[in-house]
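Below you'll find the structure, written out as structure tokens, and then a few comments.
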Amino acid sequence: MSGYDKLIFELSSPGRIGYSLPAPDVPNADPKELLAAKHLRASPPELPEVSEFDVVRHYSRLSQLNYGVDTHFYPLGSCTMKYNPKLNEDMARLGGFARLHPLTPETHSQGALQLMWELARDLAEIAGMDAVSLQPAAGAQGELAGVLMIRAYHLARGERRTKVLVPDSAHGTNPASTAIAGYRVVQLKSDAEGGVDLTDLERNLDEEVAALMITVPNTLGLFEPRILEISEMCHAKGAQLYMDGANLNAILGITRPGDLGFDVCHFNLHKTFTTPHGGGGPGAGPVGVRAHLEPFLPTPVVTKTDDGYALDWNRPQSIGKLQAFWGNFGMLVRAYTYIRTMGPDGLRAVADNAILNANYLMKRLEPHYDLPHPGPCMHECVFSARRQKKLGISAMDVAKRLLDLGFYAPSTYFPLVVEEALMIEPTETESKETLDAFCDAMIQIAREAESTPQVIHDAPVTTPVRRLDQTLAARQPDLRWRPRGG
Amino acid sequence: MSGYDKLIFELSSPGRIGYSLPAPDVPNADPKELLAAKHLRASPPELPEVSEFDVVRHYSRLSQLNYGVDTHFYPLGSCTMKYNPKLNEDMARLGGFARLHPLTPETHSQGALQLMWELARDLAEIAGMDAVSLQPAAGAQGELAGVLMIRAYHLARGERRTKVLVPDSAHGTNPASTAIAGYRVVQLKSDAEGGVDLTDLERNLDEEVAALMITVPNTLGLFEPRILEISEMCHAKGAQLYMDGANLNAILGITRPGDLGFDVCHFNLHKTFTTPHGGGGPGAGPVGVRAHLEPFLPTPVVTKTDDGYALDWNRPQSIGKLQAFWGNFGMLVRAYTYIRTMGPDGLRAVADNAILNANYLMKRLEPHYDLPHPGPCMHECVFSARRQKKLGISAMDVAKRLLDLGFYAPSTYFPLVVEEALMIEPTETESKETLDAFCDAMIQIAREAESTPQVIHDAPVTTPVRRLDQTLAARQPDLRWRPRGG
Amino acid sequence: MRYLPNTPAQQKEMLRSIGASSLEDLLSPIPPKARLRRPLNLAAALAEGDLVRHMRALTALNADSDQYTCFLGGGAYDHYIPSPINHLISRGEFFTAYTPYQPEASQGTLRTIYEYQTMVAELTGMDVANASLYDGASSLAEAALMAHSATEGREQIAISRGVNPLYRQVVATYVEGPNLRVKEVPLGDGTTDLAALKKTVSGKTAAVIVQYPNFFGCLEDVQAAADICHEGGALMIVATDPVSLGLLTPPGALGADIVVGEGQGLGVPLSYGGPNLGVFATRTDLVRRMPGRLVGATVDRDGKRGFVLTLQTREQHIRREKATSNICTNVALCALMATIHVALLGKHGLRKVGELALAKAHYAAEALTKIPGVRLRFGAPFFKEFALQLPKSPERVVKRLAKEKILAGIPLKPFDRSLKDCLLVAVTEKRTRQEIDAFVQALSQAVV
Amino acid sequence: MRYLPNTPAQQKEMLRSIGASSLEDLLSPIPPKARLRRPLNLAAALAEGDLVRHMRALTALNADSDQYTCFLGGGAYDHYIPSPINHLISRGEFFTAYTPYQPEASQGTLRTIYEYQTMVAELTGMDVANASLYDGASSLAEAALMAHSATEGREQIAISRGVNPLYRQVVATYVEGPNLRVKEVPLGDGTTDLAALKKTVSGKTAAVIVQYPNFFGCLEDVQAAADICHEGGALMIVATDPVSLGLLTPPGALGADIVVGEGQGLGVPLSYGGPNLGVFATRTDLVRRMPGRLVGATVDRDGKRGFVLTLQTREQHIRREKATSNICTNVALCALMATIHVALLGKHGLRKVGELALAKAHYAAEALTKIPGVRLRFGAPFFKEFALQLPKSPERVVKRLAKEKILAGIPLKPFDRSLKDCLLVAVTEKRTRQEIDAFVQALSQAVV
Ligand SMILES: Cc1ncc(COP(=O)(O)O)c(C=O)c1O
Ligand SMILES: Cc1ncc(COP(=O)(O)O)c(C=O)c1O
């Protein structure tokens, strides 16, 4: 239904209904008798009046305007858009999980608590950490929790450190989370190989530094070869080492943040552990720490006692809570299901195949696009369209053309240290056949850039809409539908 | 993914797997030790070797090549393509229904038996019949059961009747089922108004006639006005009156087959009672009878006893079984859910709105297409494209053009008594807005037939494939995939 | 009402443009004295939440085979159903479409059926398969009718007593009209008595029917039966369980002319016995006598591969009383479940399923027959199902084990009085050793 | 492994074209001494069937709110979830897509978010809403930070003790970094003590925060609080339950500058407390200070309407440490659930839900307080939730009723020692009179 152009409000017809509610089975149901007029809404909200079928057809059609992993190769770098197993969905929908109230007495939520305790234990093993909190709702909140724990740790030792070092290749959430935690962000340069510039690190590393926050493998898809050195340098100055675990998929069972010297590390369950991305979320961002940071974990902590599992609220040094309840439990069920499905060998095979796929793809595309940092890469590779740019074809143009050829686009213009960046993460769940088809398309585009650039400039033409006017959207924000004449 | 052209076999890669099975947990698992070689398959079947993700993406993409009720208006006449409530699906998937084995002891399937007993009771009330069997798997099997019961009835009374009368407007399953039941089919002419030609009926109605089988409303969407007369004539000759209930949607709560004089009537739960059509099935075709035919119902019959519900196998005069078990239970759950959702007033409103929608649509299209039988119609109306045919545009051409305009097509070339038939059934679950959009498209096509016929001849152009070569398909049947060089 | 979109205002507006003053005007053709003057006598409408509560209460009275340990078979089996199946068949584009009369807008359905036909042909070892019939039993009946016509009207059907008795009842119903005579062939030690079969087959015989594995789980000598059948110039019909054919020799390699079967085990939920999946396959030279829909490959105007319903001149909507069958609506969605299931299990998975079921069934049989007084009723080799002879009434045993959440098996008395002391036990790949041991334990207590 | 497509042969082939002799070659950058030389110490892989069995066993230890009668609230509620929601959000095109960075291939997601923003604006009575934040509590914390910046760095937050204590804990965590001071305002008889509020608000106050309905179910005088707040030049932040806003006056009409809320009640499963839906709305003039993603309407090259992510210069991926928030992944799918839920309930349905909950809650309160020794703790008007004072330990009562499959409510002691004899009871539209009467019956026995 690529021609379908309606909003649900535009299907509305006065008096039509799409709900089913019982008649009141209790006396005096009249709100006016129960509440003062000032509490009662004067006029109904302008919401659609549609039938259930209107709703089903509308959203079925809207869904068809999307590309998703289930229907398209989705090589969005840094996001690990792997297959989301259907079994995970069945498990998350079991009544005892999906219909469990968060404030149910612990005696009646032992299954959920056990699952959380076991998942935290497994994640700690996977990352080589001593304890894990499952509470953060996503990676960014995991970062905030991690930096706040580092902050609490220093304060507990009577140190008021003020700075956090973050490489220029870092994801935007790293500096943003650090700032919210009350630190000044100092940006470190990347060196020619794409790693942390040790001299720049040296220069900035003083007693004011609370932590160094880096991503492993980094956003260039590269493993920081001097990580152990870096870890020593930081710890020598009393700084903590934080690992952004968004790219953990690449090192499962190969090496562990804890063994690399990291004190804190967050996980993105919606990346490494197959919870679906849902069009932007929800995700889950558990955070793991070494023993010295354990006292500062968010409350409550799931513990195992002689008479079962429990929520431990008595954590005097805790940084407190990050969301109202215990974490994005529905996502935890999915991640737990996945880990149990794969087992240790399966998880290691995930990393191996993610790395293999990325390097294969890199090799095939290297002759056609500039590769600022030659491989071997880990789970993803970052090309630059600067060669095409000279022909007037930007990274964005390449992305749009890919849409016409039946593929979602790589991440573009990230990381910022690569001009015209095309950040490609194939993941281990895609087959060689799919990678080859994608590479053929990328190569075709490189050729078109030289021979027939106009088809690229015109792209996309097969999508429900063509290129959209971003400037207009920002200049005259239209952020909500209004009834005609309304 | 309208460009997607693969078969699952074409995704196969030797050694790839998509299943998850446990390792044997019992000793000597080697088949060769348990069975003689002659029983063991010599070479594996040529089946695909694909991953779970291959399968998910393949069938997700294939689904997108279909039009369905959830995404498109689907005015396929005689098929009652109404909205299939999602609630029905949830109910049919409850473990106690979906995972219940048919040979579970009755003590442990009381919920299922109660549901079947209540559904049979409700269908009997809806049709004004005395008893209902839920066993037939679809309408055609309901017809076979009905005619066999009529046969058994006559035989029990020592009468060997040989003929069954069927109007020329009847659906193909009517004569086909009748023939399988061992009767000679005598075709009755329709009169100018589209009803049964009474003189032709008179002429053929003799003691050899076991039954008259008619559809109410008939396949022209018309209610047979002389139905009571016809019923008297038949019964006077000792012939039984069978109603094809495929169009029952039109008369819910308005009139009842039993009250119209019918002795037998089948139901299509996948039409009137919202069970999904599933791309061709499964459906369910319960059959209802008046008391005098009750002894002949298929076995077993669900009965209510003092100690609960039971399957009654002791039916000496029964015609026997139609399928291995008790009926398409999954469909029965859906129909039961629907009836309970609607209640008596809701079901009546269904008929009223089905009739209203059909007449509204008929009125709007009447100026543009020939209407062989003027209204009022019931739940559907049948136009003829003969006017367009003179311009070289056939009913099939109209259908193909509709696909390009975002609608599925009406039934075409049925009933056979109307040349270039376009049989349109909107159903009550479609809104006036949708009907108007469809009528606009039909009117546009009528205009194009005069002004720009080529766009119609070229249609469809927006579908995954264009018009297909039916002759080639029939001349050189290619009914299965074969490995290249295989 | 949430399923009825037109508002009172719209209804008025529509009546106006129709030129009717009320809906009554449109009902004029209906004889007043036949009108229903009262509301239907049905329970009042239930709100969604209340209805869900009611339905859950009903299911609570049924034995969910995930809450009970299921050893029931007899034509329906508790096999592994991979998770993706339900997710994929539930996509509205598959789920709410109908028979693909407009192929250009139905390529999704058509392509899956073509895949299904290929898979069935591969599994059964036959040339062609149709798009599905209702279930295994009605498929068998259709096969008998097809044999009748394919043999220019021969009027006898020789059917082994090893064939599921429920299937035999359905065959009896279907051959009533054409009035064919059904001759039952007795069993030897669990399999068809071939000498008796030889006596039964004659120039009047349209078809010989055996089941493989048969109702008692035993493996027939299909080839031998086929040889006898073909000597008599009849068609060999084999009813089978497709789940077994990853491991067992396909009937097509054993002389079958028509292979039918119940496909429920291929990813279709038990659902109290329906909907099921009628599998039907035959030889190329018989294709025009075949019942049911067929999908074929062809090309579109631009030469692009596409799929259509084909050879429709066999079907009721064209041939009417001369059609090869009366079937119209089939079980396409169940065929899709099977297609996805077979795709997931693939070239080797079904064999593994078969190996597991075979091994577990034999482990169970061995352990069960160690119980004093419990023995295998038949000596013939079996696949995943076997008949046990018990020292106590099977009905009583079943009742007793049900209390322990074990569905022990099917008492055979209702099917054959001579087997009134027998219980039919099925063991699929889903049963764990632990479950089997618990069953043995419970049974040993129940029979003392 | 069924999730890993590349076969050993393909892996070899790929290594060859990469020019690596083995995968080890590709791991060279990893310091050998940091390599894990053993398999991860995790349970071995479970086959699908075994895993399902294990998970079912875990769920059996939890109180499914369809098996228990749920009177629990405190920020999560057992509301009616219409069936279509799960079917629609499960469509892979929604479910497996991510943040719509490529709008041309994401119009489905973008359009639903635009619809969501409109619905939230309508319900809250505000100008604009964002595409969602994590949950109600973190939304409230983000609102506090936004007020801090919008008031050019004012450093005090006045928060009513009527605000959910769990939310207050989250606010405390978020304001730690910017080091704002949180001043708690005491309650009068169930609602904020306005005199005390007046004393608290000063030129240093960045925001006043009240909850409506508040944690105890009581209805604050939001307008009065807003007037006090605005006199002090601070921003009025109201935390709300959108489910109530079909019936109750929207905070936007009561002087709110920022409205946040927990959207779980709008069709999102309880799921043991997450994922939830963080609702966030404000005034047009504050939009550039807003956290989270925003979708806006625009046109494509052909002038056709289309939707895009807009005003992104607020966000971390562009502004980095200067961003209005650190949020990236939000809860889009929960927002979609809410969108579909609100679409189904429509203009009048949410009001009906509110009326039912209101009536049933008052019916329950009346009946419960007829039990000797049981009384309402607060006198202020309430919506669907209320605090009961019990003559027996609430913890003991809860334990006792759980045995009768009733989840009686939330003991308030952990949140406020002064309420150690109180139980917080929530009654949604899902509770039937029968269930309420059974609750009353059980409680009356439990407290004697
Ligand atoms: C490298 C990196 N770090 C952090 C994040 C933030 O994680 P989340 O989106 O789960 O908050 C992401 C994901 O977008 C990322 O790619
Ligand atoms: C008028 C009529 N009669 C009978 C049938 C046959 O019903 P079924 O397809 O359920 O076998 C149909 C449906 O195709 C029909 O439209």
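Note on naming: chains are A, B, ... as they come in the structure tokens, residues start from 1 per chain, ligands start from 1 in the order shown.
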
Residue hits in chain A, query chain B, radius 6 Å, only C-alpha atoms, as an MDAnalysis selection string: chainID A and resid 57 61 70:71

Writing out the chosen residues with C-alpha atoms as a PDB file, in the first residue's frame:
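Just written: out16.pdb:
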ATOM      1  CA  ARG A  57      -6.075  -2.013   8.360  1.00  0.00           C
ATOM      2  CA  ARG A  61      -0.771  -0.634   5.878  1.00  0.00           C
ATOM      3  CA  ASP A  70      12.468  -9.238   9.038  1.00  0.00           C
ATOM      4  CA  THR A  71      12.090  -8.001   5.475  1.00  0.00           C
TER       5      THR A  71
END

Residue contacts of range 208-211 of chain D (8 Å, only C-alpha atoms) excluding same-chain residues fewer than 6 positions away, as a compact mmCIF listing (two decimals) with N, CA and C atoms, in the first residue's frame:
# COMPACT_ATOMS: atom_id res chain seq x y z
N ILE D 157 14.40 22.36 43.31
CA ILE D 157 13.21 21.70 42.79
C ILE D 157 12.29 21.46 43.98
N ALA D 158 11.07 22.01 43.92
CA ALA D 158 10.09 21.76 44.99
C ALA D 158 9.20 20.59 44.54
N ILE D 159 9.25 19.52 45.30
CA ILE D 159 8.50 18.34 44.89
C ILE D 159 7.55 17.90 46.00
N SER D 160 6.33 17.67 45.66
CA SER D 160 5.32 17.29 46.65
C SER D 160 5.56 15.86 47.12
N GLY D 162 3.34 14.00 47.62
CA GLY D 162 2.29 13.23 46.95
C GLY D 162 2.79 12.57 45.67
N VAL D 163 4.03 12.91 45.30
CA VAL D 163 4.62 12.30 44.10
C VAL D 163 5.14 10.91 44.45
N ASN D 164 4.88 9.94 43.58
CA ASN D 164 5.31 8.56 43.76
C ASN D 164 6.74 8.52 44.32
N THR D 192 -1.11 18.00 48.42
CA THR D 192 -0.01 18.91 48.76
C THR D 192 -0.47 20.06 49.67
N VAL D 201 8.62 27.79 47.73
CA VAL D 201 8.97 28.39 46.44
C VAL D 201 9.65 29.74 46.62
N GLU D 220 -4.93 16.50 43.28
CA GLU D 220 -4.34 17.75 43.74
C GLU D 220 -5.11 18.95 43.17
N VAL D 222 -4.19 21.38 41.20
CA VAL D 222 -3.04 21.71 40.35
C VAL D 222 -2.98 23.22 40.05
N ALA D 225 -1.51 25.18 42.86
CA ALA D 225 -0.07 24.94 42.94
C ALA D 225 0.64 25.70 41.83
N ALA D 226 0.03 25.68 40.64
CA ALA D 226 0.64 26.35 39.48
C ALA D 226 0.74 27.85 39.73
N CYS D 229 3.56 28.47 41.96
CA CYS D 229 4.79 28.19 41.19
C CYS D 229 5.13 29.37 40.29
N ALA D 234 8.85 29.96 38.54
CA ALA D 234 9.32 28.60 38.26
C ALA D 234 8.40 27.92 37.25
N LEU D 235 8.85 26.78 36.77
CA LEU D 235 8.03 26.01 35.82
C LEU D 235 7.21 24.98 36.59
N MET D 236 5.95 24.84 36.17
CA MET D 236 5.05 23.88 36.81
C MET D 236 5.14 22.55 36.08
N ILE D 237 5.58 21.53 36.80
CA ILE D 237 5.68 20.19 36.23
C ILE D 237 4.61 19.30 36.86
N VAL D 238 3.80 18.67 36.04
CA VAL D 238 2.78 17.76 36.55
C VAL D 238 3.04 16.35 36.03
N ALA D 239 3.16 15.42 36.97
CA ALA D 239 3.25 14.00 36.60
C ALA D 239 1.84 13.44 36.62
N THR D 240 1.45 12.75 35.55
CA THR D 240 0.06 12.31 35.48
C THR D 240 -0.05 10.88 34.97

Counting only C-alpha atoms and all ligand atoms, name the residues that have an atom within 7 Å of an atom of ligand 1; the answer should be given as a PyMOL selection string. (chain A and resi 78-79+138-141+170-171+173-174+215+219+244+246-247+268+283-285) or (chain D and resi 327-329)

Generate a file of the selected residues that holds N, CA and C atoms, formatted as a JSON list (two decimals), in the first residue's frame.
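Everything below was put into part33.json:
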[["chain", "number", "residue", "atom", "x", "y", "z"],
["A", 78, "SER", "N", 26.83, 0.09, 14.22],
["A", 78, "SER", "CA", 26.79, 0.39, 15.65],
["A", 78, "SER", "C", 25.48, -0.06, 16.31],
["A", 79, "CYS", "N", 24.53, -0.56, 15.51],
["A", 79, "CYS", "CA", 23.23, -0.91, 16.07],
["A", 79, "CYS", "C", 22.97, -2.41, 16.13],
["A", 138, "ALA", "N", 18.27, 1.59, 28.82],
["A", 138, "ALA", "CA", 18.96, 1.54, 27.53],
["A", 138, "ALA", "C", 20.43, 1.86, 27.77],
["A", 139, "GLY", "N", 21.21, 1.79, 26.68],
["A", 139, "GLY", "CA", 22.64, 2.01, 26.82],
["A", 139, "GLY", "C", 22.97, 3.34, 27.46],
["A", 140, "ALA", "N", 22.28, 4.39, 27.01],
["A", 140, "ALA", "CA", 22.58, 5.73, 27.53],
["A", 140, "ALA", "C", 22.35, 5.79, 29.03],
["A", 141, "GLN", "N", 21.28, 5.14, 29.50],
["A", 141, "GLN", "CA", 21.03, 5.16, 30.94],
["A", 141, "GLN", "C", 22.04, 4.30, 31.68],
["A", 170, "ALA", "N", 33.79, 8.77, 19.89],
["A", 170, "ALA", "CA", 32.75, 8.19, 20.73],
["A", 170, "ALA", "C", 31.35, 8.52, 20.24],
["A", 171, "HIS", "N", 30.41, 7.66, 20.62],
["A", 171, "HIS", "CA", 29.00, 7.89, 20.34],
["A", 171, "HIS", "C", 28.53, 9.08, 21.17],
["A", 173, "THR", "N", 26.07, 9.65, 23.01],
["A", 173, "THR", "CA", 25.55, 9.44, 24.36],
["A", 173, "THR", "C", 26.67, 9.47, 25.40],
["A", 174, "ASN", "N", 27.89, 9.13, 25.00],
["A", 174, "ASN", "CA", 28.98, 9.10, 25.98],
["A", 174, "ASN", "C", 29.21, 10.48, 26.60],
["A", 215, "THR", "N", 35.03, 2.89, 23.80],
["A", 215, "THR", "CA", 34.19, 1.86, 23.22],
["A", 215, "THR", "C", 35.08, 0.78, 22.62],
["A", 219, "THR", "N", 34.12, 2.71, 17.54],
["A", 219, "THR", "CA", 33.07, 2.95, 16.54],
["A", 219, "THR", "C", 33.63, 2.87, 15.11],
["A", 244, "ASP", "N", 32.11, 1.35, 26.92],
["A", 244, "ASP", "CA", 30.82, 1.36, 26.24],
["A", 244, "ASP", "C", 30.69, 0.02, 25.54],
["A", 246, "ALA", "N", 28.41, -1.25, 23.62],
["A", 246, "ALA", "CA", 27.48, -1.36, 22.48],
["A", 246, "ALA", "C", 27.98, -2.36, 21.43],
["A", 247, "ASN", "N", 29.29, -2.53, 21.38],
["A", 247, "ASN", "CA", 29.86, -3.41, 20.36],
["A", 247, "ASN", "C", 30.33, -4.76, 20.91],
["A", 268, "ASN", "N", 24.16, -3.49, 25.71],
["A", 268, "ASN", "CA", 22.92, -3.13, 25.02],
["A", 268, "ASN", "C", 22.23, -4.43, 24.63],
["A", 283, "GLY", "N", 14.81, -0.79, 24.63],
["A", 283, "GLY", "CA", 15.98, -1.63, 24.74],
["A", 283, "GLY", "C", 16.20, -1.97, 26.19],
["A", 284, "ALA", "N", 17.42, -2.31, 26.53],
["A", 284, "ALA", "CA", 17.80, -2.50, 27.93],
["A", 284, "ALA", "C", 19.31, -2.32, 28.01],
["A", 285, "GLY", "N", 19.77, -1.61, 29.05],
["A", 285, "GLY", "CA", 21.21, -1.26, 29.15],
["A", 285, "GLY", "C", 21.85, -1.63, 30.46],
["D", 327, "ILE", "N", 19.35, 10.71, 26.03],
["D", 327, "ILE", "CA", 18.56, 9.59, 25.51],
["D", 327, "ILE", "C", 18.80, 9.35, 24.02],
["D", 328, "CYS", "N", 18.88, 8.10, 23.68],
["D", 328, "CYS", "CA", 19.02, 7.70, 22.27],
["D", 328, "CYS", "C", 17.90, 6.71, 21.99],
["D", 329, "THR", "N", 18.12, 5.42, 22.25],
["D", 329, "THR", "CA", 17.03, 4.45, 22.18],
["D", 329, "THR", "C", 15.94, 4.87, 23.16]]

What parts of range 276-395 of chain C does DSSP call strand (DSSP E)? I'd like the answer as a list of chain:residue names.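 DSSP on the backbone gives strand (DSSP E) at C:Gly278, C:Val279, C:Phe280, C:Ala281, C:Thr282, C:Val295, C:Gly296, C:Ala297, C:Thr298, C:Val299, C:Arg305, C:Gly306, C:Phe307, C:Val308, C:Leu309, C:Arg375, C:Leu376, C:Glu385, C:Phe386, C:Ala387, C:Leu388, C:Gln389.
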
Could you write those residues out with N, CA, C and O atoms, as a JSON list (two decimals), in the first residue's frame?
[["chain", "number", "residue", "atom", "x", "y", "z"],
["C", 278, "GLY", "N", -4.85, -32.43, 4.93],
["C", 278, "GLY", "CA", -4.96, -33.58, 4.03],
["C", 278, "GLY", "C", -3.91, -33.53, 2.95],
["C", 278, "GLY", "O", -3.92, -32.64, 2.10],
["C", 279, "VAL", "N", -2.99, -34.48, 3.03],
["C", 279, "VAL", "CA", -1.89, -34.56, 2.05],
["C", 279, "VAL", "C", -2.32, -35.51, 0.94],
["C", 279, "VAL", "O", -2.90, -36.57, 1.20],
["C", 280, "PHE", "N", -2.06, -35.12, -0.29],
["C", 280, "PHE", "CA", -2.48, -35.94, -1.44],
["C", 280, "PHE", "C", -1.46, -35.82, -2.56],
["C", 280, "PHE", "O", -1.20, -34.73, -3.06],
["C", 281, "ALA", "N", -0.89, -36.97, -2.96],
["C", 281, "ALA", "CA", 0.11, -36.97, -4.03],
["C", 281, "ALA", "C", -0.12, -38.18, -4.93],
["C", 281, "ALA", "O", -0.64, -39.21, -4.50],
["C", 282, "THR", "N", 0.29, -38.05, -6.19],
["C", 282, "THR", "CA", 0.11, -39.16, -7.12],
["C", 282, "THR", "C", 1.13, -39.10, -8.25],
["C", 282, "THR", "O", 2.10, -38.33, -8.17],
["C", 295, "VAL", "N", -1.22, -25.64, -8.11],
["C", 295, "VAL", "CA", -0.53, -24.41, -8.49],
["C", 295, "VAL", "C", 0.60, -24.77, -9.44],
["C", 295, "VAL", "O", 1.32, -25.75, -9.23],
["C", 296, "GLY", "N", 0.71, -24.02, -10.50],
["C", 296, "GLY", "CA", 1.77, -24.25, -11.47],
["C", 296, "GLY", "C", 2.57, -22.99, -11.75],
["C", 296, "GLY", "O", 2.07, -21.88, -11.55],
["C", 297, "ALA", "N", 3.79, -23.20, -12.21],
["C", 297, "ALA", "CA", 4.64, -22.07, -12.58],
["C", 297, "ALA", "C", 4.35, -21.69, -14.03],
["C", 297, "ALA", "O", 4.03, -22.53, -14.86],
["C", 298, "THR", "N", 4.43, -20.39, -14.30],
["C", 298, "THR", "CA", 4.28, -19.91, -15.66],
["C", 298, "THR", "C", 5.06, -18.59, -15.77],
["C", 298, "THR", "O", 5.92, -18.31, -14.92],
["C", 299, "VAL", "N", 4.77, -17.79, -16.79],
["C", 299, "VAL", "CA", 5.46, -16.50, -16.92],
["C", 299, "VAL", "C", 4.42, -15.40, -17.13],
["C", 299, "VAL", "O", 3.31, -15.66, -17.60],
["C", 305, "ARG", "N", 8.90, -14.98, -14.11],
["C", 305, "ARG", "CA", 8.29, -16.15, -13.49],
["C", 305, "ARG", "C", 7.14, -15.75, -12.58],
["C", 305, "ARG", "O", 7.24, -14.77, -11.83],
["C", 306, "GLY", "N", 6.07, -16.52, -12.66],
["C", 306, "GLY", "CA", 4.93, -16.28, -11.78],
["C", 306, "GLY", "C", 4.18, -17.59, -11.59],
["C", 306, "GLY", "O", 4.48, -18.60, -12.24],
["C", 307, "PHE", "N", 3.22, -17.57, -10.69],
["C", 307, "PHE", "CA", 2.50, -18.80, -10.33],
["C", 307, "PHE", "C", 1.00, -18.59, -10.41],
["C", 307, "PHE", "O", 0.50, -17.50, -10.11],
["C", 308, "VAL", "N", 0.29, -19.64, -10.82],
["C", 308, "VAL", "CA", -1.18, -19.56, -10.98],
["C", 308, "VAL", "C", -1.83, -20.88, -10.55],
["C", 308, "VAL", "O", -1.17, -21.91, -10.50],
["C", 309, "LEU", "N", -3.13, -20.80, -10.28],
["C", 309, "LEU", "CA", -3.93, -22.02, -10.14],
["C", 309, "LEU", "C", -4.05, -22.61, -11.54],
["C", 309, "LEU", "O", -4.32, -21.87, -12.49],
["C", 375, "ARG", "N", 2.55, -56.41, 27.86],
["C", 375, "ARG", "CA", 3.33, -56.87, 26.71],
["C", 375, "ARG", "C", 2.92, -56.15, 25.44],
["C", 375, "ARG", "O", 1.85, -55.55, 25.36],
["C", 376, "LEU", "N", 3.81, -56.21, 24.45],
["C", 376, "LEU", "CA", 3.48, -55.65, 23.14],
["C", 376, "LEU", "C", 2.43, -56.55, 22.50],
["C", 376, "LEU", "O", 2.58, -57.78, 22.47],
["C", 385, "GLU", "N", 4.74, -45.60, 17.49],
["C", 385, "GLU", "CA", 3.49, -45.93, 18.16],
["C", 385, "GLU", "C", 3.37, -47.44, 18.28],
["C", 385, "GLU", "O", 3.85, -48.17, 17.42],
["C", 386, "PHE", "N", 2.77, -47.91, 19.38],
["C", 386, "PHE", "CA", 2.65, -49.36, 19.56],
["C", 386, "PHE", "C", 1.46, -49.69, 20.46],
["C", 386, "PHE", "O", 1.04, -48.87, 21.28],
["C", 387, "ALA", "N", 0.92, -50.89, 20.28],
["C", 387, "ALA", "CA", -0.22, -51.35, 21.08],
["C", 387, "ALA", "C", 0.28, -52.20, 22.24],
["C", 387, "ALA", "O", 1.04, -53.14, 22.04],
["C", 388, "LEU", "N", -0.12, -51.80, 23.45],
["C", 388, "LEU", "CA", 0.26, -52.55, 24.65],
["C", 388, "LEU", "C", -0.93, -53.37, 25.12],
["C", 388, "LEU", "O", -2.06, -52.89, 25.13],
["C", 389, "GLN", "N", -0.65, -54.59, 25.55],
["C", 389, "GLN", "CA", -1.68, -55.40, 26.18],
["C", 389, "GLN", "C", -1.52, -55.24, 27.69],
["C", 389, "GLN", "O", -0.41, -55.37, 28.21]]

Determine which residues of chain C sit within 10 Å of chain A, taking into account only C-alpha atoms, and present them as a PyMOL selection string. chain C and resi 1-10+45-50+82-88+91-93

So which residues of range 145-288 of chain A fall under helix (DSSP H, G or I) by DSSP, listed as number ranges by chain? A: 145-156, 173-180, 198-204, 227-236, 245-250, 257-260
